[in-house]
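Undergrad: Take a look at start_17.cif, mmCIF, C-alpha atoms and all ligand atoms:
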```cif
data_start
#
loop_
_atom_site.group_PDB
_atom_site.id
_atom_site.type_symbol
_atom_site.label_atom_id
_atom_site.label_comp_id
_atom_site.auth_asym_id
_atom_site.auth_seq_id
_atom_site.Cartn_x
_atom_site.Cartn_y
_atom_site.Cartn_z
ATOM 1 C CA MET A 1065 6.454 -5.165 -23.982
ATOM 2 C CA PRO A 1066 5.647 -1.750 -22.498
ATOM 3 C CA ILE A 1067 5.949 -1.520 -18.725
ATOM 4 C CA ARG A 1068 2.862 -0.315 -16.911
ATOM 5 C CA LEU A 1069 1.772 0.462 -13.342
ATOM 6 C CA ILE A 1070 -1.583 1.573 -11.923
ATOM 7 C CA VAL A 1071 -2.660 1.771 -8.262
ATOM 8 C CA HIS A 1072 -5.811 2.662 -6.339
ATOM 9 C CA GLY A 1073 -6.523 3.926 -2.843
ATOM 10 C CA GLY A 1074 -10.227 3.256 -2.429
ATOM 11 C CA ALA A 1075 -13.560 4.156 -4.019
ATOM 12 C CA TRP A 1076 -16.123 6.068 -1.952
ATOM 13 C CA ASP A 1077 -17.276 9.611 -1.276
ATOM 14 C CA ILE A 1078 -13.791 10.748 -0.228
ATOM 15 C CA PRO A 1079 -14.279 13.957 1.775
ATOM 16 C CA ALA A 1080 -12.797 17.094 0.211
ATOM 17 C CA GLU A 1081 -10.386 17.542 3.119
ATOM 18 C CA GLN A 1082 -8.966 14.041 2.525
ATOM 19 C CA GLU A 1083 -8.557 14.349 -1.242
ATOM 20 C CA ASP A 1084 -5.001 15.733 -1.179
ATOM 21 C CA ALA A 1085 -3.743 12.979 1.112
ATOM 22 C CA HIS A 1086 -5.298 10.349 -1.177
ATOM 23 C CA LEU A 1087 -3.766 11.912 -4.290
ATOM 24 C CA ARG A 1088 -0.359 12.221 -2.613
ATOM 25 C CA GLY A 1089 -0.539 8.612 -1.440
ATOM 26 C CA VAL A 1090 -1.361 7.031 -4.783
ATOM 27 C CA THR A 1091 1.153 9.299 -6.560
ATOM 28 C CA ALA A 1092 3.919 8.261 -4.143
ATOM 29 C CA ALA A 1093 3.131 4.584 -4.717
ATOM 30 C CA VAL A 1094 3.581 4.964 -8.491
ATOM 31 C CA GLN A 1095 6.592 7.272 -8.350
ATOM 32 C CA ASN A 1096 8.491 5.097 -5.913
ATOM 33 C CA THR A 1097 7.724 1.862 -7.740
ATOM 34 C CA TRP A 1098 8.126 2.915 -11.370
ATOM 35 C CA PRO A 1099 11.980 3.102 -11.242
ATOM 36 C CA MET A 1100 12.056 -0.561 -10.141
ATOM 37 C CA LEU A 1101 10.019 -1.600 -13.153
ATOM 38 C CA GLN A 1102 12.279 0.436 -15.446
ATOM 39 C CA LYS A 1103 15.301 -1.375 -14.027
ATOM 40 C CA GLY A 1104 13.721 -4.724 -14.849
ATOM 41 C CA ALA A 1105 11.852 -5.681 -11.675
ATOM 42 C CA SER A 1106 9.066 -8.225 -12.066
ATOM 43 C CA ALA A 1107 5.419 -7.173 -12.097
ATOM 44 C CA LEU A 1108 5.043 -9.210 -8.903
ATOM 45 C CA ASP A 1109 7.791 -7.232 -7.136
ATOM 46 C CA ALA A 1110 6.243 -4.000 -8.391
ATOM 47 C CA VAL A 1111 2.715 -4.630 -7.106
ATOM 48 C CA GLU A 1112 4.020 -5.820 -3.743
ATOM 49 C CA HIS A 1113 6.220 -2.717 -3.442
ATOM 50 C CA ALA A 1114 3.431 -0.322 -4.439
ATOM 51 C CA VAL A 1115 0.968 -1.890 -2.015
ATOM 52 C CA ARG A 1116 3.536 -1.787 0.811
ATOM 53 C CA ILE A 1117 3.818 1.982 0.292
ATOM 54 C CA LEU A 1118 0.033 2.312 0.501
ATOM 55 C CA GLU A 1119 -0.164 0.010 3.555
ATOM 56 C CA ALA A 1120 2.353 2.196 5.396
ATOM 57 C CA ASP A 1121 0.397 5.367 4.545
ATOM 58 C CA PRO A 1122 -2.149 6.086 7.321
ATOM 59 C CA THR A 1123 -4.459 7.733 4.786
ATOM 60 C CA PHE A 1124 -5.756 4.353 3.650
ATOM 61 C CA ASP A 1125 -7.729 1.448 5.103
ATOM 62 C CA SER A 1126 -4.875 -1.050 4.908
ATOM 63 C CA GLY A 1127 -1.955 -1.732 7.239
ATOM 64 C CA ARG A 1128 -1.596 1.494 9.247
ATOM 65 C CA GLY A 1129 -4.856 3.477 9.199
ATOM 66 C CA ALA A 1130 -7.231 0.502 8.920
ATOM 67 C CA PHE A 1131 -10.778 0.609 10.300
ATOM 68 C CA LEU A 1132 -11.590 -0.905 13.672
ATOM 69 C CA ASN A 1133 -13.987 -3.834 13.791
ATOM 70 C CA SER A 1134 -16.996 -4.096 16.122
ATOM 71 C CA ILE A 1135 -14.816 -5.039 19.111
ATOM 72 C CA GLY A 1136 -12.306 -2.270 18.486
ATOM 73 C CA GLU A 1137 -9.643 -4.409 16.839
ATOM 74 C CA ILE A 1138 -7.947 -4.190 13.445
ATOM 75 C CA GLU A 1139 -8.152 -7.261 11.176
ATOM 76 C CA LEU A 1140 -6.443 -7.185 7.805
ATOM 77 C CA ASP A 1141 -6.892 -9.092 4.519
ATOM 78 C CA ALA A 1142 -4.598 -9.163 1.471
ATOM 79 C CA MET A 1143 -3.776 -11.120 -1.656
ATOM 80 C CA ILE A 1144 -1.269 -11.101 -4.482
ATOM 81 C CA MET A 1145 -1.465 -12.931 -7.814
ATOM 82 C CA ASP A 1146 1.091 -13.794 -10.493
ATOM 83 C CA GLY A 1147 -0.231 -13.683 -14.067
ATOM 84 C CA ARG A 1148 2.478 -16.067 -15.316
ATOM 85 C CA SER A 1149 1.247 -19.072 -13.385
ATOM 86 C CA LEU A 1150 -2.101 -18.015 -11.846
ATOM 87 C CA ASP A 1151 -0.412 -18.609 -8.491
ATOM 88 C CA PHE A 1152 -1.735 -16.534 -5.647
ATOM 89 C CA GLY A 1153 -1.264 -16.071 -1.917
ATOM 90 C CA SER A 1154 -4.015 -14.800 0.352
ATOM 91 C CA ILE A 1155 -4.347 -14.086 4.060
ATOM 92 C CA ALA A 1156 -7.378 -12.899 5.983
ATOM 93 C CA ALA A 1157 -8.307 -11.663 9.454
ATOM 94 C CA VAL A 1158 -4.710 -11.137 10.568
ATOM 95 C CA GLN A 1159 -3.624 -8.636 13.168
ATOM 96 C CA ASN A 1160 -0.589 -6.543 14.070
ATOM 97 C CA LEU A 1161 1.115 -6.723 10.660
ATOM 98 C CA LEU A 1162 2.043 -3.596 8.726
ATOM 99 C CA HIS A 1163 2.467 -5.406 5.421
ATOM 100 C CA PRO A 1164 -0.073 -8.220 4.949
ATOM 101 C CA VAL A 1165 0.654 -8.164 1.202
ATOM 102 C CA SER A 1166 4.173 -9.437 1.859
ATOM 103 C CA VAL A 1167 2.847 -12.263 4.035
ATOM 104 C CA ALA A 1168 0.483 -13.180 1.178
ATOM 105 C CA ARG A 1169 3.438 -13.210 -1.218
ATOM 106 C CA ARG A 1170 5.486 -15.414 1.109
ATOM 107 C CA LEU A 1171 2.541 -17.788 1.374
ATOM 108 C CA MET A 1172 2.247 -17.932 -2.413
ATOM 109 C CA GLU A 1173 5.927 -18.757 -2.671
ATOM 110 C CA SER A 1174 5.746 -21.422 0.030
ATOM 111 C CA ARG A 1175 3.692 -23.412 -2.513
ATOM 112 C CA GLU A 1176 2.095 -25.522 0.190
ATOM 113 C CA PHE A 1177 -1.080 -23.495 0.792
ATOM 114 C CA ARG A 1178 -2.729 -20.626 -1.005
ATOM 115 C CA MET A 1179 -4.956 -19.078 1.656
ATOM 116 C CA LEU A 1180 -4.651 -18.868 5.441
ATOM 117 C CA VAL A 1181 -6.917 -17.050 7.878
ATOM 118 C CA GLY A 1182 -6.913 -15.866 11.476
ATOM 119 C CA SER A 1183 -4.606 -17.591 13.952
ATOM 120 C CA GLY A 1184 -3.183 -19.883 11.263
ATOM 121 C CA ALA A 1185 -2.186 -16.939 9.085
ATOM 122 C CA GLN A 1186 -0.784 -15.196 12.142
ATOM 123 C CA ALA A 1187 1.333 -18.239 13.047
ATOM 124 C CA PHE A 1188 2.601 -18.445 9.455
ATOM 125 C CA ALA A 1189 3.619 -14.758 9.537
ATOM 126 C CA GLU A 1190 5.386 -15.321 12.847
ATOM 127 C CA ARG A 1191 7.203 -18.424 11.615
ATOM 128 C CA GLU A 1192 8.349 -16.500 8.545
ATOM 129 C CA GLY A 1193 9.793 -13.737 10.702
ATOM 130 C CA PHE A 1194 7.325 -10.920 9.961
ATOM 131 C CA THR A 1195 7.417 -8.328 12.739
ATOM 132 C CA GLN A 1196 4.331 -8.426 14.956
ATOM 133 C CA LEU A 1197 3.561 -4.865 15.948
ATOM 134 C CA PRO A 1198 1.588 -3.709 18.989
ATOM 135 C CA PRO A 1199 -2.040 -2.964 17.953
ATOM 136 C CA GLU A 1200 -1.575 0.766 18.533
ATOM 137 C CA ALA A 1201 1.126 0.844 15.828
ATOM 138 C CA LEU A 1202 -1.586 0.429 13.167
ATOM 139 C CA LEU A 1203 -4.194 2.601 14.864
ATOM 140 C CA THR A 1204 -4.760 6.214 13.835
ATOM 141 C CA GLU A 1205 -6.529 8.920 15.825
ATOM 142 C CA ARG A 1206 -8.898 9.321 12.867
ATOM 143 C CA GLU A 1207 -10.090 5.719 13.011
ATOM 144 C CA LEU A 1208 -10.295 5.666 16.800
ATOM 145 C CA ALA A 1209 -12.489 8.784 16.690
ATOM 146 C CA TYR A 1210 -14.663 7.234 13.942
ATOM 147 C CA PHE A 1211 -15.067 4.034 15.930
ATOM 148 C CA GLU A 1212 -16.077 6.010 19.043
ATOM 149 C CA GLN A 1213 -18.665 7.788 16.898
ATOM 150 C CA ILE A 1214 -20.244 4.653 15.390
ATOM 151 C CA LYS A 1215 -19.794 1.967 18.025
ATOM 152 C CA HIS A 1216 -23.104 2.674 19.796
ATOM 153 C CA ASP A 1217 -25.003 4.030 16.784
ATOM 154 C CA SER A 1218 -27.956 1.709 16.321
ATOM 155 C CA ASN A 1219 -28.542 3.102 12.810
ATOM 156 C CA PHE A 1220 -25.072 2.127 11.646
ATOM 157 C CA ARG A 1221 -25.185 -0.737 9.166
ATOM 158 C CA SER A 1222 -21.817 -2.062 8.099
ATOM 159 C CA HIS A 1223 -23.496 -4.028 5.315
ATOM 160 C CA ASP A 1224 -25.424 -1.156 3.729
ATOM 161 C CA PRO A 1225 -23.986 -0.801 0.238
ATOM 162 C CA PHE A 1226 -25.595 2.568 -0.271
ATOM 163 C CA GLY A 1227 -24.534 4.113 3.010
ATOM 164 C CA PRO A 1228 -22.082 7.006 2.834
ATOM 165 C CA LEU A 1229 -19.415 4.787 4.320
ATOM 166 C CA PRO A 1230 -15.705 4.959 3.713
ATOM 167 C CA GLY A 1231 -13.711 2.289 1.871
ATOM 168 C CA ASP A 1232 -10.015 2.878 1.418
ATOM 169 C CA THR A 1233 -8.818 -0.531 0.269
ATOM 170 C CA VAL A 1234 -5.585 -0.264 -1.742
ATOM 171 C CA GLY A 1235 -4.323 -2.173 -4.760
ATOM 172 C CA ALA A 1236 -1.864 -2.259 -7.635
ATOM 173 C CA VAL A 1237 -1.616 -3.817 -11.090
ATOM 174 C CA ALA A 1238 1.596 -3.954 -13.137
ATOM 175 C CA MET A 1239 3.090 -5.228 -16.385
ATOM 176 C CA ASP A 1240 6.859 -5.816 -16.527
ATOM 177 C CA GLN A 1241 9.378 -5.815 -19.379
ATOM 178 C CA GLY A 1242 8.593 -9.448 -20.100
ATOM 179 C CA GLY A 1243 4.882 -8.688 -20.541
ATOM 180 C CA ASN A 1244 4.051 -10.427 -17.264
ATOM 181 C CA LEU A 1245 1.087 -9.179 -15.258
ATOM 182 C CA ALA A 1246 0.488 -9.161 -11.503
ATOM 183 C CA ALA A 1247 -2.098 -7.720 -9.122
ATOM 184 C CA ALA A 1248 -2.283 -7.162 -5.367
ATOM 185 C CA THR A 1249 -4.925 -5.826 -2.966
ATOM 186 C CA SER A 1250 -4.821 -5.062 0.772
ATOM 187 C CA THR A 1251 -7.500 -3.865 3.184
ATOM 188 C CA GLY A 1252 -8.709 -3.431 6.725
ATOM 189 C CA GLY A 1253 -12.196 -4.286 5.465
ATOM 190 C CA THR A 1254 -15.243 -2.297 6.471
ATOM 191 C CA PRO A 1255 -15.819 -0.135 9.555
ATOM 192 C CA ARG A 1256 -17.260 -1.938 12.590
ATOM 193 C CA LYS A 1257 -17.251 -5.246 10.733
ATOM 194 C CA TRP A 1258 -17.995 -8.429 12.628
ATOM 195 C CA PRO A 1259 -14.780 -10.032 13.948
ATOM 196 C CA GLY A 1260 -13.681 -12.614 11.398
ATOM 197 C CA ARG A 1261 -15.639 -10.944 8.591
ATOM 198 C CA VAL A 1262 -13.735 -11.336 5.322
ATOM 199 C CA GLY A 1263 -14.574 -9.253 2.254
ATOM 200 C CA ASP A 1264 -13.595 -9.459 -1.388
ATOM 201 C CA SER A 1265 -9.991 -8.299 -1.162
ATOM 202 C CA PRO A 1266 -8.280 -11.643 -0.349
ATOM 203 C CA ILE A 1267 -10.613 -13.695 -2.560
ATOM 204 C CA PRO A 1268 -9.015 -14.553 -5.921
ATOM 205 C CA GLY A 1269 -11.205 -13.288 -8.723
ATOM 206 C CA ALA A 1270 -13.024 -10.872 -6.421
ATOM 207 C CA GLY A 1271 -10.318 -8.627 -4.906
ATOM 208 C CA ALA A 1272 -7.664 -9.287 -7.532
ATOM 209 C CA TYR A 1273 -6.883 -11.461 -10.521
ATOM 210 C CA ALA A 1274 -3.951 -11.781 -12.924
ATOM 211 C CA ASP A 1275 -3.574 -13.896 -16.051
ATOM 212 C CA ASN A 1276 -0.890 -13.022 -18.601
ATOM 213 C CA SER A 1277 -3.087 -14.227 -21.436
ATOM 214 C CA CYS A 1278 -5.803 -11.595 -20.870
ATOM 215 C CA GLY A 1279 -5.221 -9.040 -18.079
ATOM 216 C CA ALA A 1280 -4.953 -8.237 -14.404
ATOM 217 C CA ALA A 1281 -7.215 -6.262 -12.061
ATOM 218 C CA SER A 1282 -7.545 -5.050 -8.473
ATOM 219 C CA THR A 1283 -10.851 -3.936 -6.940
ATOM 220 C CA THR A 1284 -12.135 -1.742 -4.140
ATOM 221 C CA GLY A 1285 -15.529 -1.040 -2.637
ATOM 222 C CA TRP A 1286 -18.219 -2.891 -0.743
ATOM 223 C CA GLY A 1287 -16.862 -6.419 -0.525
ATOM 224 C CA GLU A 1288 -20.097 -8.305 0.114
ATOM 225 C CA ASN A 1289 -21.353 -7.391 -3.360
ATOM 226 C CA ILE A 1290 -18.003 -7.424 -5.151
ATOM 227 C CA MET A 1291 -17.658 -11.091 -4.143
ATOM 228 C CA LYS A 1292 -21.011 -11.944 -5.728
ATOM 229 C CA VAL A 1293 -19.846 -10.896 -9.195
ATOM 230 C CA LEU A 1294 -16.144 -11.796 -8.799
ATOM 231 C CA LEU A 1295 -15.391 -8.334 -10.090
ATOM 232 C CA ALA A 1296 -11.674 -8.739 -10.879
ATOM 233 C CA LYS A 1297 -12.227 -11.997 -12.807
ATOM 234 C CA THR A 1298 -15.259 -10.545 -14.562
ATOM 235 C CA VAL A 1299 -13.097 -7.684 -15.852
ATOM 236 C CA THR A 1300 -10.307 -9.974 -17.054
ATOM 237 C CA ASP A 1301 -12.902 -12.256 -18.673
ATOM 238 C CA TRP A 1302 -14.070 -9.289 -20.752
ATOM 239 C CA GLU A 1303 -10.437 -8.680 -21.700
ATOM 240 C CA GLU A 1304 -10.155 -12.321 -22.739
ATOM 241 C CA ARG A 1305 -13.179 -11.801 -24.988
ATOM 242 C CA GLY A 1306 -11.344 -8.991 -26.742
ATOM 243 C CA GLN A 1307 -12.502 -5.858 -24.934
ATOM 244 C CA ASN A 1308 -9.765 -3.349 -24.162
ATOM 245 C CA ALA A 1309 -8.965 -2.592 -20.519
ATOM 246 C CA GLN A 1310 -11.119 0.524 -20.295
ATOM 247 C CA LYS A 1311 -14.191 -1.152 -21.790
ATOM 248 C CA ALA A 1312 -13.658 -4.227 -19.602
ATOM 249 C CA ALA A 1313 -13.426 -2.090 -16.450
ATOM 250 C CA GLN A 1314 -16.650 -0.290 -17.399
ATOM 251 C CA LYS A 1315 -18.415 -3.598 -18.120
ATOM 252 C CA GLY A 1316 -17.342 -4.952 -14.740
ATOM 253 C CA ILE A 1317 -18.720 -1.957 -12.854
ATOM 254 C CA GLN A 1318 -21.927 -2.075 -14.914
ATOM 255 C CA ILE A 1319 -22.405 -5.727 -13.913
ATOM 256 C CA LEU A 1320 -21.668 -4.900 -10.252
ATOM 257 C CA ALA A 1321 -24.273 -2.127 -10.307
ATOM 258 C CA GLU A 1322 -26.969 -3.866 -12.353
ATOM 259 C CA LYS A 1323 -26.827 -7.410 -10.984
ATOM 260 C CA VAL A 1324 -26.237 -6.799 -7.282
ATOM 261 C CA LYS A 1325 -26.587 -3.032 -6.762
ATOM 262 C CA GLY A 1326 -22.931 -3.007 -5.702
ATOM 263 C CA LEU A 1327 -20.699 0.006 -5.282
ATOM 264 C CA GLY A 1328 -17.011 -0.008 -6.036
ATOM 265 C CA GLY A 1329 -14.139 0.538 -8.378
ATOM 266 C CA VAL A 1330 -11.573 -1.395 -10.388
ATOM 267 C CA ILE A 1331 -8.189 -0.785 -12.012
ATOM 268 C CA THR A 1332 -6.857 -3.051 -14.750
ATOM 269 C CA ILE A 1333 -4.162 -3.595 -17.373
ATOM 270 C CA ASP A 1334 -4.909 -5.803 -20.373
ATOM 271 C CA ALA A 1335 -2.450 -8.143 -22.103
ATOM 272 C CA GLN A 1336 -1.628 -5.396 -24.635
ATOM 273 C CA GLY A 1337 -0.575 -3.062 -21.812
ATOM 274 C CA GLN A 1338 -3.592 -0.755 -21.956
ATOM 275 C CA TYR A 1339 -4.917 0.776 -18.744
ATOM 276 C CA GLY A 1340 -8.516 0.729 -17.596
ATOM 277 C CA TRP A 1341 -10.338 2.050 -14.537
ATOM 278 C CA ALA A 1342 -13.969 2.522 -13.622
ATOM 279 C CA TYR A 1343 -16.089 3.122 -10.526
ATOM 280 C CA ASN A 1344 -19.664 3.934 -9.599
ATOM 281 C CA THR A 1345 -18.882 5.626 -6.291
ATOM 282 C CA PRO A 1346 -18.620 9.433 -6.214
ATOM 283 C CA LYS A 1347 -14.803 9.238 -6.244
ATOM 284 C CA MET A 1348 -11.922 6.805 -6.546
ATOM 285 C CA ALA A 1349 -8.272 7.617 -5.808
ATOM 286 C CA TYR A 1350 -6.002 6.158 -8.481
ATOM 287 C CA ALA A 1351 -2.728 6.886 -10.217
ATOM 288 C CA TYR A 1352 -0.792 5.437 -13.115
ATOM 289 C CA TRP A 1353 2.394 6.038 -15.011
ATOM 290 C CA ASN A 1354 1.439 7.772 -18.234
ATOM 291 C CA PRO A 1355 3.831 6.613 -20.970
ATOM 292 C CA GLU A 1356 2.930 9.585 -23.184
ATOM 293 C CA THR A 1357 3.586 12.392 -20.709
ATOM 294 C CA LYS A 1358 6.208 10.339 -18.843
ATOM 295 C CA HIS A 1359 4.639 11.463 -15.576
ATOM 296 C CA THR A 1360 2.432 9.981 -12.916
ATOM 297 C CA HIS A 1361 -1.201 10.859 -13.506
ATOM 298 C CA ALA A 1362 -3.287 10.870 -10.337
ATOM 299 C CA ALA A 1363 -7.004 11.527 -10.108
ATOM 300 C CA ILE A 1364 -9.892 11.266 -7.716
ATOM 301 C CA LYS A 1365 -12.838 12.057 -10.007
ATOM 302 C CA LEU A 1366 -13.406 11.211 -13.644
ATOM 303 C CA ASP A 1367 -13.217 14.870 -14.601
ATOM 304 C CA THR A 1368 -9.798 15.530 -12.969
HETATM 305 N N1 LIG A 1401 -13.293 -4.110 -0.331
HETATM 306 C C1 LIG A 1401 -12.887 -4.331 0.981
HETATM 307 C C2 LIG A 1401 -13.845 -5.052 1.816
HETATM 308 O O1 LIG A 1401 -15.049 -4.980 1.611
HETATM 309 O O2 LIG A 1401 -13.400 -5.706 2.740
#
```
Take the structure in the file and give it back as structure tokens.
TA:
Amino acid sequence: MPIRLIVHGGAWDIPAEQEDAHLRGVTAAVQNTWPMLQKGASALDAVEHAVRILEADPTFDSGRGAFLNSIGEIELDAMIMDGRSLDFGSIAAVQNLLHPVSVARRLMESREFRMLVGSGAQAFAEREGFTQLPPEALLTERELAYFEQIKHDSNFRSHDPFGPLPGDTVGAVAMDQGGNLAAATSTGGTPRKWPGRVGDSPIPGAGAYADNSCGAASTTGWGENIMKVLLAKTVTDWEERGQNAQKAAQKGIQILAEKVKGLGGVITIDAQGQYGWAYNTPKMAYAYWNPETKHTHAAIKLDT
């Protein structure tokens, strides 16, 4: 099978002055992960590795650089899914971890539970030896300044799907030499979210989905609405019905927009190894390894 890798770094009206950082970030995730896939790494290893690079990059709303919630704290959600077995691991509302995606993977491999939240997820991460960082290690000046700006703004609505609000969730989808698919997604959620609020990203079928028999997908955007249409599963369902990845991605975003007036984006790879991406926000940062040019292709608008 052909090996494939596609990543995203959020879908929203990315300001012009942040475009370069987004393009650099998604490009780095592909370029640093692709050699692993070429050497025979599993799709699961590849998506975890790519998402770890994005989590460490303060450009994005995941790991370092995440939004602050309404009480000025960072709470993170992540999931990973293996298309061979439909196994997944998911954690939500965890703090002080740079790489929630790796905790989700460890949880998946523990085989006892699939999803842990809050203090239980935190205790699991601690038991498994994940480094607990001081809160300031994940905090950026950009997000602190944004929080100061919105924390007393009575017009700010964290649930408004049409507000010009940022959303830099990250994700990756890969196919390995064995034709196996995997997907992973990681986020700090939405700005000034209620403590304990969980969005789409750690919900299987909403934030990510992977099934070798049809495809794999990772989503980004306003989680409250993405959950309603289980966007990642909706896209892979279209792939199962015979649509190619690009058509399936477009169908998924059409359903998100028409049924629930949602805003977001999706990346996907179908079982034949074709890429697809679609979004109905002004921009989405994404990058993939182009097998024809043998280079990473990164873009932020459909016309770039
Ligand atoms: N898509 C990320 C969130 O809404 O939490």
Undergrad: Give as a list in words each residue that has an atom at most 10 Å from (-11.3, -7.3, -21.0) in the file, counting all atoms listed in the file.
TA: Cys1278, Gly1279, Ala1280, Ala1281, Lys1297, Thr1298, Val1299, Thr1300, Asp1301, Trp1302, Glu1303, Glu1304, Arg1305, Gly1306, Gln1307, Asn1308, Ala1309, Gln1310, Lys1311, Ala1312, Ala1313, Gln1314, Lys1315, Gly1316, Thr1332, Ile1333, Asp1334, Ala1335 and Gly1340 of chain A
Undergrad: Would you output that residue set with C-alpha atoms, as a PDB file, in the coordinates of the input?
TA:
```pdb
ATOM      1  CA  CYS A1278      -5.803 -11.595 -20.870  1.00  0.00           C
ATOM      2  CA  GLY A1279      -5.221  -9.040 -18.079  1.00  0.00           C
ATOM      3  CA  ALA A1280      -4.953  -8.237 -14.404  1.00  0.00           C
ATOM      4  CA  ALA A1281      -7.215  -6.262 -12.061  1.00  0.00           C
ATOM      5  CA  LYS A1297     -12.227 -11.997 -12.807  1.00  0.00           C
ATOM      6  CA  THR A1298     -15.259 -10.545 -14.562  1.00  0.00           C
ATOM      7  CA  VAL A1299     -13.097  -7.684 -15.852  1.00  0.00           C
ATOM      8  CA  THR A1300     -10.307  -9.974 -17.054  1.00  0.00           C
ATOM      9  CA  ASP A1301     -12.902 -12.256 -18.673  1.00  0.00           C
ATOM     10  CA  TRP A1302     -14.070  -9.289 -20.752  1.00  0.00           C
ATOM     11  CA  GLU A1303     -10.437  -8.680 -21.700  1.00  0.00           C
ATOM     12  CA  GLU A1304     -10.155 -12.321 -22.739  1.00  0.00           C
ATOM     13  CA  ARG A1305     -13.179 -11.801 -24.988  1.00  0.00           C
ATOM     14  CA  GLY A1306     -11.344  -8.991 -26.742  1.00  0.00           C
ATOM     15  CA  GLN A1307     -12.502  -5.858 -24.934  1.00  0.00           C
ATOM     16  CA  ASN A1308      -9.765  -3.349 -24.162  1.00  0.00           C
ATOM     17  CA  ALA A1309      -8.965  -2.592 -20.519  1.00  0.00           C
ATOM     18  CA  GLN A1310     -11.119   0.524 -20.295  1.00  0.00           C
ATOM     19  CA  LYS A1311     -14.191  -1.152 -21.790  1.00  0.00           C
ATOM     20  CA  ALA A1312     -13.658  -4.227 -19.602  1.00  0.00           C
ATOM     21  CA  ALA A1313     -13.426  -2.090 -16.450  1.00  0.00           C
ATOM     22  CA  GLN A1314     -16.650  -0.290 -17.399  1.00  0.00           C
ATOM     23  CA  LYS A1315     -18.415  -3.598 -18.120  1.00  0.00           C
ATOM     24  CA  GLY A1316     -17.342  -4.952 -14.740  1.00  0.00           C
ATOM     25  CA  THR A1332      -6.857  -3.051 -14.750  1.00  0.00           C
ATOM     26  CA  ILE A1333      -4.162  -3.595 -17.373  1.00  0.00           C
ATOM     27  CA  ASP A1334      -4.909  -5.803 -20.373  1.00  0.00           C
ATOM     28  CA  ALA A1335      -2.450  -8.143 -22.103  1.00  0.00           C
ATOM     29  CA  GLY A1340      -8.516   0.729 -17.596  1.00  0.00           C
TER      30      GLY A1340
END
```
Undergrad: Smallest atom-to-atom distance to ligand LIG 1401 (chain A): which of A:Ser1218, A:Thr1233, A:Thr1360, A:Ser1106, using only C-alpha atoms and all ligand atoms?
TA: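 Nearest to ligand LIG 1401 (chain A): A:Thr1233.
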Undergrad: Which residue, A:Pro1199, A:Pro1122, A:Gly1271, A:Gly1326, has the smallest gap to Gln1082 (chain A) when you use only C-alpha atoms?
TA: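 Of A:Pro1199, A:Pro1122, A:Gly1271, A:Gly1326, the one nearest Gln1082 (chain A) is A:Pro1122, counting only C-alpha atoms.
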Undergrad: Contacts between ligand LIG 1401 (chain A) and chain A, please, where a residue of chain A counts if it comes within 7 Å (with only C-alpha atoms and all ligand atoms); show its shortest atom pair and distance in Å to one decimal, rows by chain and ascending number, as a tab-separated table.
TA:
```
residue	atom	partner	partner_atom	distance
A:Gly1231	CA	A:LIG1401	C1	6.7
A:Thr1233	CA	A:LIG1401	C1	5.6
A:Thr1251	CA	A:LIG1401	C1	5.8
A:Gly1252	CA	A:LIG1401	O2	6.6
A:Gly1253	CA	A:LIG1401	O2	3.3
A:Thr1254	CA	A:LIG1401	O2	5.4
A:Val1262	CA	A:LIG1401	O2	6.2
A:Gly1263	CA	A:LIG1401	O2	3.8
A:Asp1264	CA	A:LIG1401	C2	5.5
A:Ser1265	CA	A:LIG1401	C1	5.4
A:Thr1284	CA	A:LIG1401	N1	4.6
A:Gly1285	CA	A:LIG1401	N1	4.4
A:Trp1286	CA	A:LIG1401	O1	4.5
A:Gly1287	CA	A:LIG1401	O1	3.1
A:Glu1288	CA	A:LIG1401	O1	6.2
```
Undergrad: Can you pull out every residue within 9 Å of region 1344-1346 of chain A, counting only C-alpha atoms, but drop anything in the same chain fewer than 4 positions away, and send it as a ChimeraX atom specification?
TA: /A:1075-1078,1285,1317-1318,1321,1326-1329,1365
Undergrad: Determine the residue set returned by the PyMOL selection byres (((chain A and resi 1158) around 6) and not hetatm) for the present structure, and present it as a list in words.
TA: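 Given this file, the PyMOL selection byres (((chain A and resi 1158) around 6) and not hetatm) evaluates to Glu1139, Leu1140, Ala1156, Ala1157, Gln1159, Gly1182 and Gln1186 of chain A.
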Undergrad: Which residue, A:Met1143, A:Ser1183, A:Leu1101, A:Leu1295, has the smallest gap to Gly1269 (chain A) when you use only C-alpha atoms?
TA: A:Leu1295
Undergrad: Which of these, A:Ser1282, A:Leu1162, A:Asn1133, A:Ala1105, has the shortest distance to Ala1247 (chain A) once you count only C-alpha atoms?
TA: A:Ser1282
Undergrad: Could you tell me, as a list in words, exactly which residues end up selected when the PyMOL selection byres (((chain A and resi 1132) around 9) and not hetatm) is applied to this structure?
TA: Ala1130, Phe1131, Asn1133, Ser1134, Ile1135, Gly1136, Glu1137, Ile1138, Glu1139, Leu1203, Glu1207, Leu1208, Tyr1210, Phe1211, Gly1252, Gly1253, Thr1254, Pro1255, Arg1256 and Lys1257 of chain A
Undergrad: List as number ranges by chain the residues having at least one atom at most 6 Å from position (0.5, -2.6, -11.2) as given in the file, counting all atoms listed in the file.
TA: A: 1069-1070, 1111, 1236-1238
Undergrad: Between CA of Asp1232 (chain A) and CA of Asp1125 (chain A), what is the distance in Å, rounded to a tenth?
TA: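 Value for the CA of Asp1232 (chain A)-CA of Asp1125 (chain A) distance: 4.6 Å.
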Undergrad: Pick from A:Leu1150, A:Leu1087, A:Met1100, A:Ile1290: nearest to His1072 (chain A), with all atoms listed in the file counted?
TA: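 Selected residue with least distance to His1072 (chain A): A:Leu1087.
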Undergrad: So which one's closest to Arg1191 (chain A), A:Ala1362, A:Leu1245, A:Val1167, A:Ala1351? Using only C-alpha atoms, please.
TA: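 Of A:Ala1362, A:Leu1245, A:Val1167, A:Ala1351, the one nearest Arg1191 (chain A) is A:Val1167, counting only C-alpha atoms.
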